[in-house]
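Text of the file start.tsv, holding TSV, C-alpha atoms and all ligand atoms:
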chain	number	residue	atom	x	y	z
A	1	MET	CA	-14.95	4.48	-248.06
A	2	GLN	CA	-15.66	2.68	-251.35
A	3	LEU	CA	-19.39	3.12	-251.64
A	4	CYS	CA	-19.33	4.68	-255.09
A	5	HIS	CA	-20.21	1.40	-256.84
A	6	ALA	CA	-23.18	0.71	-254.58
A	7	LYS	CA	-26.41	1.64	-256.30
A	8	GLN	CA	-27.66	4.96	-254.92
A	9	ILE	CA	-31.37	5.00	-254.13
A	10	GLN	CA	-33.40	8.19	-253.62
A	11	SER	CA	-35.15	8.24	-250.27
A	12	ASP	CA	-38.42	9.43	-251.85
A	13	SER	CA	-38.63	6.20	-253.87
A	14	LEU	CA	-38.76	4.20	-250.64
A	15	VAL	CA	-41.82	3.63	-248.45
A	16	LEU	CA	-41.16	2.35	-244.95
A	17	ASP	CA	-43.62	0.10	-243.20
A	18	SER	CA	-43.39	-1.88	-239.92
A	19	ARG	CA	-40.23	-2.30	-237.84
A	20	LEU	CA	-38.58	-5.73	-238.06
A	21	GLY	CA	-36.02	-5.23	-235.30
A	22	SER	CA	-32.95	-3.34	-234.25
A	23	GLY	CA	-29.26	-4.04	-233.82
A	24	GLN	CA	-26.15	-2.31	-232.54
A	25	PHE	CA	-25.88	0.21	-235.38
A	26	GLY	CA	-29.33	0.50	-236.86
A	27	GLU	CA	-33.00	-0.31	-237.01
A	28	VAL	CA	-34.49	-2.55	-239.69
A	29	TYR	CA	-37.87	-1.85	-241.34
A	30	LYS	CA	-39.99	-3.66	-243.85
A	31	GLY	CA	-40.44	-1.39	-246.87
A	32	ARG	CA	-41.32	-1.04	-250.50
A	33	LEU	CA	-39.09	0.03	-253.36
A	34	GLY	CA	-41.32	0.42	-256.41
A	35	ASP	CA	-43.25	-2.84	-256.53
A	36	LYS	CA	-40.57	-4.75	-254.60
A	37	MET	CA	-40.84	-5.56	-250.89
A	38	VAL	CA	-37.50	-4.81	-249.22
A	39	ALA	CA	-35.84	-4.60	-245.82
A	40	VAL	CA	-34.27	-1.26	-244.93
A	41	LYS	CA	-31.61	-0.77	-242.29
A	42	LEU	CA	-31.53	2.79	-241.01
A	43	MET	CA	-28.52	4.22	-239.29
A	44	LYS	CA	-29.50	5.21	-235.76
A	45	GLU	CA	-30.14	8.90	-235.27
A	46	GLY	CA	-27.40	10.69	-233.37
A	47	SER	CA	-24.87	7.94	-234.20
A	48	LEU	CA	-21.29	8.66	-233.20
A	49	HIS	CA	-18.65	9.01	-235.91
A	50	GLU	CA	-17.31	5.51	-235.22
A	51	GLU	CA	-20.81	3.99	-235.46
A	52	ARG	CA	-21.42	5.80	-238.77
A	53	VAL	CA	-18.19	4.38	-240.15
A	54	LYS	CA	-19.18	0.87	-239.02
A	55	PHE	CA	-22.60	1.25	-240.63
A	56	LEU	CA	-21.12	2.34	-243.95
A	57	GLN	CA	-18.46	-0.34	-243.77
A	58	GLU	CA	-21.20	-2.95	-243.56
A	59	ALA	CA	-22.76	-1.55	-246.76
A	60	ALA	CA	-19.36	-1.41	-248.47
A	61	ILE	CA	-18.81	-5.09	-247.68
A	62	MET	CA	-22.32	-6.27	-248.59
A	63	ARG	CA	-22.29	-4.60	-252.00
A	64	GLN	CA	-19.45	-6.93	-253.08
A	65	PHE	CA	-21.50	-10.10	-252.70
A	66	ASN	CA	-23.69	-11.85	-255.20
A	67	ASN	CA	-24.62	-15.27	-253.93
A	68	LEU	CA	-27.88	-17.09	-253.27
A	69	ASN	CA	-26.92	-17.78	-249.64
A	70	ILE	CA	-25.87	-14.24	-248.76
A	71	VAL	CA	-28.36	-11.42	-248.13
A	72	LYS	CA	-28.51	-9.29	-251.25
A	73	MET	CA	-28.10	-5.54	-250.99
A	74	HIS	CA	-30.16	-3.55	-253.53
A	75	GLY	CA	-28.46	-0.24	-252.83
A	76	ILE	CA	-27.99	2.56	-250.36
A	77	VAL	CA	-29.64	5.83	-249.51
A	78	PHE	CA	-26.99	8.35	-248.60
A	79	GLU	CA	-28.39	11.85	-248.20
A	80	ASN	CA	-27.15	14.50	-245.78
A	81	GLU	CA	-27.19	12.85	-242.38
A	82	LYS	CA	-29.37	9.98	-243.57
A	83	ALA	CA	-27.93	6.56	-244.42
A	84	MET	CA	-29.95	3.44	-245.21
A	85	ILE	CA	-29.05	0.02	-246.53
A	86	VAL	CA	-31.77	-1.38	-248.78
A	87	MET	CA	-31.70	-5.15	-249.03
A	88	GLU	CA	-33.86	-8.12	-249.97
A	89	LEU	CA	-36.62	-8.90	-247.48
A	90	LEU	CA	-36.38	-12.29	-245.81
A	91	GLU	CA	-39.92	-13.10	-244.78
A	92	ASN	CA	-39.25	-16.07	-242.50
A	93	GLY	CA	-37.00	-14.10	-240.15
A	94	ASP	CA	-33.88	-15.41	-238.47
A	95	LEU	CA	-32.90	-19.07	-238.24
A	96	GLN	CA	-32.65	-19.17	-234.45
A	97	ASN	CA	-36.27	-18.13	-233.98
A	98	TYR	CA	-37.37	-20.38	-236.81
A	99	LEU	CA	-35.74	-23.38	-235.10
A	100	LEU	CA	-37.29	-22.48	-231.75
A	101	LYS	CA	-40.72	-22.34	-233.41
A	102	LEU	CA	-40.09	-25.79	-234.95
A	103	LYS	CA	-39.21	-27.09	-231.50
A	104	ARG	CA	-42.40	-25.62	-229.97
A	105	LYS	CA	-44.54	-27.04	-232.77
A	106	TYR	CA	-43.15	-30.53	-232.28
A	107	SER	CA	-43.38	-30.27	-228.49
A	108	ILE	CA	-47.12	-29.61	-228.85
A	109	VAL	CA	-47.51	-32.57	-231.18
A	110	ILE	CA	-45.55	-34.75	-228.78
A	111	GLY	CA	-47.57	-33.35	-225.85
A	112	VAL	CA	-50.83	-34.44	-227.49
A	113	PHE	CA	-49.68	-37.85	-228.64
A	114	ILE	CA	-47.13	-38.84	-226.04
A	115	LEU	CA	-49.55	-41.26	-224.37
A	116	LEU	CA	-50.39	-42.90	-227.67
A	117	ILE	CA	-47.08	-43.19	-229.53
A	118	PRO	CA	-43.59	-43.61	-228.12
A	119	ILE	CA	-41.47	-40.98	-229.90
A	120	HIS	CA	-37.73	-41.54	-230.04
A	121	SER	CA	-36.80	-39.81	-233.26
A	122	ASN	CA	-35.40	-36.32	-233.75
A	123	LYS	CA	-38.17	-33.73	-233.71
A	124	ALA	CA	-37.55	-32.18	-237.12
A	125	SER	CA	-36.83	-33.71	-240.47
A	126	PRO	CA	-33.09	-34.47	-240.66
A	127	TYR	CA	-33.31	-33.67	-244.33
A	128	GLN	CA	-34.44	-30.10	-243.59
A	129	LEU	CA	-31.78	-29.59	-240.91
A	130	LEU	CA	-29.05	-30.96	-243.17
A	131	ASN	CA	-30.28	-28.69	-245.93
A	132	PHE	CA	-29.83	-25.64	-243.65
A	133	CYS	CA	-26.29	-26.81	-242.77
A	134	ARG	CA	-25.40	-27.22	-246.43
A	135	GLN	CA	-26.82	-23.84	-247.50
A	136	ILE	CA	-24.96	-21.94	-244.77
A	137	CYS	CA	-21.79	-23.79	-245.69
A	138	LEU	CA	-22.26	-22.76	-249.34
A	139	GLY	CA	-22.61	-19.10	-248.36
A	140	MET	CA	-19.53	-19.31	-246.13
A	141	THR	CA	-17.52	-21.04	-248.87
A	142	TYR	CA	-18.36	-18.14	-251.18
A	143	LEU	CA	-17.33	-15.58	-248.55
A	144	SER	CA	-14.05	-17.31	-247.73
A	145	CYS	CA	-13.19	-17.77	-251.43
A	146	LYS	CA	-13.64	-14.00	-251.86
A	147	GLY	CA	-11.24	-13.43	-248.96
A	148	PHE	CA	-13.79	-12.22	-246.42
A	149	ILE	CA	-14.37	-13.31	-242.87
A	150	HIS	CA	-17.70	-12.86	-241.15
A	151	CYS	CA	-16.61	-12.86	-237.48
A	152	ASP	CA	-20.19	-13.09	-236.17
A	153	LEU	CA	-21.63	-16.24	-237.71
A	154	ALA	CA	-24.54	-17.51	-235.57
A	155	ALA	CA	-28.08	-18.78	-236.23
A	156	ARG	CA	-29.45	-15.33	-235.25
A	157	ASN	CA	-27.47	-13.88	-238.19
A	158	VAL	CA	-28.85	-16.29	-240.79
A	159	LEU	CA	-32.14	-15.16	-242.32
A	160	LEU	CA	-34.71	-17.28	-244.15
A	161	SER	CA	-36.70	-16.45	-247.27
A	162	LYS	CA	-40.29	-17.65	-247.53
A	163	GLU	CA	-38.98	-20.67	-249.49
A	164	ASN	CA	-36.61	-21.34	-246.56
A	165	ILE	CA	-33.45	-20.37	-248.39
A	166	CYS	CA	-30.77	-19.53	-245.82
A	167	LYS	CA	-29.06	-16.17	-246.28
A	168	ILE	CA	-26.06	-15.10	-244.23
A	169	ALA	CA	-26.60	-11.60	-242.87
A	170	ASP	CA	-25.16	-9.00	-240.50
A	171	PHE	CA	-21.76	-8.01	-241.82
A	172	GLY	CA	-21.21	-5.45	-239.07
A	173	MET	CA	-18.10	-7.24	-237.78
A	174	SER	CA	-16.87	-8.62	-241.12
A	175	CYS	CA	-13.67	-7.73	-242.88
A	176	ASP	CA	-11.75	-8.20	-246.09
A	177	LEU	CA	-8.54	-10.16	-245.45
A	178	GLU	CA	-6.81	-8.44	-248.39
A	179	ASN	CA	-4.51	-11.37	-249.17
A	180	GLU	CA	-3.60	-11.94	-245.52
A	181	ALA	CA	-4.52	-15.19	-243.79
A	182	TYR	CA	-5.81	-13.47	-240.67
A	183	TYR	CA	-6.44	-10.10	-239.12
A	184	TYR	CA	-6.31	-8.68	-235.62
A	185	SER	CA	-9.46	-6.84	-234.60
A	186	LYS	CA	-9.05	-3.57	-232.77
A	187	GLY	CA	-11.78	-3.97	-230.22
A	188	GLY	CA	-15.54	-4.08	-229.90
A	189	LYS	CA	-17.92	-6.62	-228.45
A	190	ILE	CA	-17.31	-10.31	-229.13
A	191	PRO	CA	-20.01	-13.03	-229.19
A	192	ILE	CA	-17.75	-15.16	-226.96
A	193	LYS	CA	-19.77	-18.40	-226.97
A	194	TRP	CA	-19.65	-18.56	-230.81
A	195	THR	CA	-16.09	-17.33	-231.23
A	196	ALA	CA	-12.88	-19.36	-231.57
A	197	PRO	CA	-10.61	-19.08	-228.52
A	198	GLU	CA	-7.71	-17.52	-230.50
A	199	ALA	CA	-10.11	-14.77	-231.68
A	200	VAL	CA	-11.42	-14.14	-228.15
A	201	ILE	CA	-8.01	-14.18	-226.48
A	202	LYS	CA	-5.67	-12.72	-229.13
A	203	ARG	CA	-8.31	-11.04	-231.34
A	204	LYS	CA	-6.88	-13.12	-234.18
A	205	TYR	CA	-9.58	-13.77	-236.80
A	206	SER	CA	-9.31	-15.96	-239.88
A	207	SER	CA	-11.45	-18.18	-242.04
A	208	ALA	CA	-10.64	-20.90	-239.48
A	209	SER	CA	-12.26	-18.82	-236.72
A	210	ASP	CA	-15.39	-18.59	-238.92
A	211	VAL	CA	-15.22	-22.41	-239.18
A	212	TRP	CA	-15.31	-22.61	-235.36
A	213	SER	CA	-18.49	-20.47	-235.39
A	214	TYR	CA	-19.94	-22.69	-238.12
A	215	GLY	CA	-19.52	-25.61	-235.70
A	216	CYS	CA	-21.63	-23.61	-233.21
A	217	VAL	CA	-24.29	-23.04	-235.89
A	218	LEU	CA	-24.39	-26.81	-236.53
A	219	TYR	CA	-25.00	-27.19	-232.79
A	220	GLU	CA	-27.82	-24.59	-232.85
A	221	ILE	CA	-29.46	-26.28	-235.84
A	222	TRP	CA	-29.39	-29.82	-234.44
A	223	SER	CA	-30.54	-28.70	-231.00
A	224	LEU	CA	-33.40	-26.72	-232.62
A	225	GLY	CA	-32.34	-23.28	-231.52
A	226	ARG	CA	-30.45	-23.92	-228.29
A	227	LYS	CA	-27.58	-21.48	-227.92
A	228	PRO	CA	-24.11	-22.87	-227.20
A	229	PHE	CA	-23.21	-22.88	-223.48
A	230	GLU	CA	-26.67	-21.47	-222.76
A	231	THR	CA	-26.44	-21.86	-218.98
A	232	TYR	CA	-22.80	-20.71	-218.66
A	233	SER	CA	-21.41	-17.22	-218.21
A	234	ASN	CA	-19.12	-16.01	-221.00
A	235	ILE	CA	-16.02	-16.29	-218.82
A	236	TYR	CA	-16.87	-19.79	-217.63
A	237	ALA	CA	-17.61	-20.95	-221.20
A	238	LEU	CA	-14.24	-19.62	-222.37
A	239	GLU	CA	-12.39	-21.27	-219.47
A	240	LYS	CA	-14.08	-24.61	-220.21
A	241	VAL	CA	-13.21	-24.39	-223.92
A	242	LYS	CA	-9.58	-23.51	-223.11
A	243	ASP	CA	-9.48	-26.59	-220.85
A	244	GLY	CA	-10.56	-28.75	-223.78
A	245	TYR	CA	-14.26	-29.16	-222.91
A	246	ARG	CA	-16.59	-29.34	-225.92
A	247	LEU	CA	-20.39	-29.15	-226.11
A	248	PRO	CA	-22.04	-32.59	-226.06
A	249	PRO	CA	-24.04	-33.79	-229.09
A	250	PRO	CA	-27.61	-32.44	-229.11
A	251	PRO	CA	-30.19	-35.23	-228.56
A	252	GLY	CA	-30.91	-37.03	-231.82
A	253	CYS	CA	-27.96	-35.44	-233.65
A	254	PRO	CA	-26.41	-37.93	-236.09
A	255	ARG	CA	-22.88	-39.00	-235.17
A	256	SER	CA	-21.59	-37.86	-238.57
A	257	ILE	CA	-22.76	-34.29	-237.87
A	258	TYR	CA	-21.34	-34.23	-234.36
A	259	LYS	CA	-18.01	-35.40	-235.79
A	260	HIS	CA	-18.01	-32.26	-237.95
A	261	MET	CA	-18.74	-30.03	-234.94
A	262	ILE	CA	-15.76	-31.49	-233.10
A	263	GLN	CA	-13.53	-30.96	-236.15
A	264	CYS	CA	-14.66	-27.32	-236.38
A	265	TRP	CA	-13.78	-26.88	-232.69
A	266	HIS	CA	-10.19	-28.11	-233.03
A	267	PRO	CA	-7.99	-25.97	-230.74
A	268	ILE	CA	-5.42	-25.47	-233.54
A	269	PRO	CA	-6.97	-23.31	-236.30
A	270	ARG	CA	-5.08	-24.94	-239.21
A	271	GLU	CA	-6.31	-28.38	-238.10
A	272	ARG	CA	-9.94	-27.36	-238.66
A	273	PRO	CA	-11.50	-28.29	-242.02
A	274	ASP	CA	-11.93	-25.37	-244.43
A	275	PHE	CA	-15.36	-24.41	-245.79
A	276	HIS	CA	-14.74	-26.07	-249.11
A	277	ARG	CA	-14.05	-29.40	-247.42
A	278	LEU	CA	-17.05	-28.95	-245.14
A	279	MET	CA	-19.26	-28.23	-248.13
A	280	LEU	CA	-18.20	-31.46	-249.85
A	281	SER	CA	-18.97	-33.38	-246.64
A	282	MET	CA	-22.37	-31.72	-246.29
A	283	LEU	CA	-23.24	-32.54	-249.90
A	284	GLN	CA	-22.23	-36.14	-249.33
A	285	LEU	CA	-24.24	-36.43	-246.10
A	286	GLU	CA	-27.23	-34.93	-247.88
A	287	SER	CA	-27.03	-37.42	-250.73
A	288	GLU	CA	-26.78	-40.30	-248.23
A	289	GLU	CA	-29.83	-38.90	-246.42
A	290	ASN	CA	-31.65	-38.67	-249.77
A	291	ASP	CA	-30.87	-42.31	-250.51
A	292	GLU	CA	-32.57	-43.24	-247.27
A	293	LEU	CA	-35.71	-41.22	-247.92
A	294	PRO	CA	-38.68	-43.33	-249.01
A	295	SER	CA	-39.34	-42.86	-252.72
A	301	LIG	P1	-26.32	-6.59	-234.41
A	301	LIG	O1	-26.26	-5.76	-235.65
A	301	LIG	O2	-26.22	-5.77	-233.19
A	301	LIG	O3	-25.40	-7.77	-234.43
A	301	LIG	P2	-28.85	-7.80	-235.24
A	301	LIG	O4	-28.29	-8.84	-236.13
A	301	LIG	O5	-30.04	-8.20	-234.43
A	301	LIG	O6	-27.78	-7.21	-234.23
A	301	LIG	P3	-29.63	-6.16	-237.49
A	301	LIG	O7	-28.80	-6.81	-238.53
A	301	LIG	O8	-29.68	-4.68	-237.45
A	301	LIG	O9	-29.22	-6.49	-236.05
A	301	LIG	O10	-31.10	-6.74	-237.60
A	301	LIG	C1	-32.14	-6.35	-236.74
A	301	LIG	C2	-33.34	-7.27	-236.92
A	301	LIG	O11	-33.87	-7.13	-238.23
A	301	LIG	C3	-33.01	-8.73	-236.72
A	301	LIG	O12	-34.00	-9.29	-235.90
A	301	LIG	C4	-33.09	-9.33	-238.08
A	301	LIG	O13	-33.65	-10.65	-238.01
A	301	LIG	C5	-34.01	-8.40	-238.85
A	301	LIG	N1	-33.55	-8.27	-240.23
A	301	LIG	C6	-32.34	-7.78	-240.63
A	301	LIG	N2	-32.22	-7.82	-241.97
A	301	LIG	C7	-33.39	-8.34	-242.45
A	301	LIG	C8	-33.88	-8.68	-243.77
A	301	LIG	N3	-33.13	-8.46	-244.84
A	301	LIG	N4	-35.11	-9.23	-243.87
A	301	LIG	C9	-35.85	-9.48	-242.77
A	301	LIG	N5	-35.46	-9.21	-241.51
A	301	LIG	C10	-34.23	-8.64	-241.34

What would the structure in this file look like if it were written as structure tokens?
Amino acid sequence: MQLCHAKQIQSDSLVLDSRLGSGQFGEVYKGRLGDKMVAVKLMKEGSLHEERVKFLQEAAIMRQFNNLNIVKMHGIVFENEKAMIVMELLENGDLQNYLLKLKRKYSIVIGVFILLIPIHSNKASPYQLLNFCRQICLGMTYLSCKGFIHCDLAARNVLLSKENICKIADFGMSCDLENEAYYYSKGGKIPIKWTAPEAVIKRKYSSASDVWSYGCVLYEIWSLGRKPFETYSNIYALEKVKDGYRLPPPPGCPRSIYKHMIQCWHPIPRERPDFHRLMLSMLQLESEENDELPS
């Protein structure tokens, strides 16, 4: 495992504070490293060998990234049985919860004023939503240019700084393509409703399968936190997708954005746009949106 270049941190220089949450392989705490607030992912106690390897693999992948839209790893603690990933703290939490809070906030406003003003518009500023789409696309363009695939891109795995900068997180399923165009995963759980059909059925992952998931993130953003196929079982969702069914546009979603979702969900991976092309489109949509903003 190539962890030698990751900065080693002594555990006694870290102070752990409140728990932020937990995932499959570890628990995440708010902490302090010197005068810096950090997030610390601790490997679960009593982890099996395979889980330990996965945990360290995540650190080995994260240490290779240096991009504004990817969660930054400060270093690792690796002592005896203890392993921790120390990373930047993202104060505004994950994007899915942030969007749900936005939805609640606007529902209350609408609830109070509904009798006074007829409201037809989307509930959040399109500029802000477009900005999220563009930032995530920038992070994914960086990842794909470096030859990595994320394999678990979803709004719950995008974190927000207090300035609302989107940072792609959770590299537990990611892998380095090592000059190949795709890779076959060997097993493990799959977030079926976010995953391209060829990855679910044949376990064949590529940058194009990440593009499919990006389409799902666009859906989550424009529906303010609604998960794809929320009311369907995993098996039913997969059957529908295989039959050619696609999620409808979220209410108020601009046609130009929905067009991108549909392109990302093309059944043939090579027919999907790549992240670079998506990024150019997002930048263009954002500049058009800017032109329409009142000065
Ligand atoms: P899994 O790893 O099983 O896919 P997960 O993404 O929920 O699940 P973790 O990456 O371990 O698991 O994160 C657990 C929780 O900690 C999540 O709620 C996440 O929002 C929060 N979290 C993770 N990293 C940070 C961070 N750098 N700053 C702030 N909160 C974080």

List every residue of chain A that has an atom at most 7 Å from any atom of ligand LIG 301 (chain A), giving for each one its closest atom pair and the distance in Å to one decimal, counting all atoms listed in the file, sorted by chain and then by ascending residue number, as a tab-separated table.
residue	atom	partner	partner_atom	distance
A:Leu20	CA	A:LIG301	O11	4.9
A:Gly21	CA	A:LIG301	C2	3.7
A:Ser22	CA	A:LIG301	C1	4.0
A:Gly23	CA	A:LIG301	O9	3.3
A:Gln24	CA	A:LIG301	O2	3.5
A:Phe25	CA	A:LIG301	O1	6.0
A:Gly26	CA	A:LIG301	O8	5.2
A:Glu27	CA	A:LIG301	O8	5.5
A:Val28	CA	A:LIG301	O11	4.8
A:Ala39	CA	A:LIG301	N3	4.8
A:Lys41	CA	A:LIG301	O8	6.5
A:Val71	CA	A:LIG301	N3	6.5
A:Met87	CA	A:LIG301	N3	5.5
A:Glu88	CA	A:LIG301	N3	5.2
A:Leu89	CA	A:LIG301	N4	3.9
A:Leu90	CA	A:LIG301	N4	3.8
A:Glu91	CA	A:LIG301	C9	5.8
A:Gly93	CA	A:LIG301	O13	5.3
A:Asp94	CA	A:LIG301	O13	4.8
A:Arg156	CA	A:LIG301	O4	6.7
A:Asn157	CA	A:LIG301	O4	5.5
A:Leu159	CA	A:LIG301	O13	6.4
A:Ala169	CA	A:LIG301	O7	6.8
A:Asp170	CA	A:LIG301	O7	4.7
A:Gly172	CA	A:LIG301	O1	6.1

Contacts of range 207-210 of chain A at 9 Å or less, counting only C-alpha atoms, minus same-chain residues fewer than 3 places along, as a list in words?
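Everything that qualifies: Met140, Ser144, Gly147, Phe148, Ile149, His150, Cys151, Asp152, Leu153, Ala181, Tyr182, Thr195, Ala196, Pro197, Glu198, Ala199, Lys204, Ser213, Tyr214, Gly215, Cys264, Pro269, Arg270, Glu271, Arg272, Pro273, Asp274 and Phe275 of chain A.
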
Those same residues - C-alpha atoms - I'd like them written as a tab-separated table (two decimals), keeping the file's coordinate frame.
chain	number	residue	atom	x	y	z
A	140	MET	CA	-19.53	-19.31	-246.13
A	144	SER	CA	-14.05	-17.31	-247.73
A	147	GLY	CA	-11.24	-13.43	-248.96
A	148	PHE	CA	-13.79	-12.22	-246.42
A	149	ILE	CA	-14.37	-13.31	-242.87
A	150	HIS	CA	-17.70	-12.86	-241.15
A	151	CYS	CA	-16.61	-12.86	-237.48
A	152	ASP	CA	-20.19	-13.09	-236.17
A	153	LEU	CA	-21.63	-16.24	-237.71
A	181	ALA	CA	-4.52	-15.19	-243.79
A	182	TYR	CA	-5.81	-13.47	-240.67
A	195	THR	CA	-16.09	-17.33	-231.23
A	196	ALA	CA	-12.88	-19.36	-231.57
A	197	PRO	CA	-10.61	-19.08	-228.52
A	198	GLU	CA	-7.71	-17.52	-230.50
A	199	ALA	CA	-10.11	-14.77	-231.68
A	204	LYS	CA	-6.88	-13.12	-234.18
A	213	SER	CA	-18.49	-20.47	-235.39
A	214	TYR	CA	-19.94	-22.69	-238.12
A	215	GLY	CA	-19.52	-25.61	-235.70
A	264	CYS	CA	-14.66	-27.32	-236.38
A	269	PRO	CA	-6.97	-23.31	-236.30
A	270	ARG	CA	-5.08	-24.94	-239.21
A	271	GLU	CA	-6.31	-28.38	-238.10
A	272	ARG	CA	-9.94	-27.36	-238.66
A	273	PRO	CA	-11.50	-28.29	-242.02
A	274	ASP	CA	-11.93	-25.37	-244.43
A	275	PHE	CA	-15.36	-24.41	-245.79

Restricting the calculation to all atoms listed in the file, which member of A:Glu239, A:Tyr184, A:Ile165, A:Pro191 is positioned closest to Gln128 in chain A?
A:Ile165

Got a sec: who's within 12 Å of Leu283 in chain A, counting all atoms listed in the file, leaving out chain neighbours fewer than 6 positions off, as an mmCIF file with C-alpha atoms, in the coordinates of the input?
data_model
loop_
_atom_site.group_PDB
_atom_site.id
_atom_site.type_symbol
_atom_site.label_atom_id
_atom_site.label_comp_id
_atom_site.auth_asym_id
_atom_site.auth_seq_id
_atom_site.Cartn_x
_atom_site.Cartn_y
_atom_site.Cartn_z
ATOM 1 C CA TYR A 127 -33.310 -33.670 -244.330
ATOM 2 C CA LEU A 130 -29.050 -30.960 -243.170
ATOM 3 C CA ASN A 131 -30.280 -28.690 -245.930
ATOM 4 C CA PHE A 132 -29.830 -25.640 -243.650
ATOM 5 C CA CYS A 133 -26.290 -26.810 -242.770
ATOM 6 C CA ARG A 134 -25.400 -27.220 -246.430
ATOM 7 C CA GLN A 135 -26.820 -23.840 -247.500
ATOM 8 C CA ILE A 136 -24.960 -21.940 -244.770
ATOM 9 C CA CYS A 137 -21.790 -23.790 -245.690
ATOM 10 C CA LEU A 138 -22.260 -22.760 -249.340
ATOM 11 C CA HIS A 276 -14.740 -26.070 -249.110
ATOM 12 C CA ARG A 277 -14.050 -29.400 -247.420
ATOM 13 C CA GLU A 289 -29.830 -38.900 -246.420
ATOM 14 C CA ASN A 290 -31.650 -38.670 -249.770
#

Between CA of Ile76 in chain A and CA of Lys7 in chain A, what is the distance, to one decimal in Å?
6.2 Å

Out of A:Ala83, A:Leu16, A:Val77, A:Leu68, which residue has the shortest atom-to-atom distance to Gly46 in chain A when counting only C-alpha atoms?
A:Ala83

CA of Ser18 in chain A and CA of Val217 in chain A are how many Å apart?
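A separation of 28.8 Å between them.
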
My list of candidates is A:Glu220, A:Asp35, A:Glu79, A:Glu50. Which is closest to Tyr258 in chain A when distances are computed with all atoms listed in the file?
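Checking each candidate against Tyr258 in chain A, we get A:Glu220 as the closest.
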
Between CA of Val158 in chain A and CA of Leu95 in chain A lies a distance of 5.5 Å
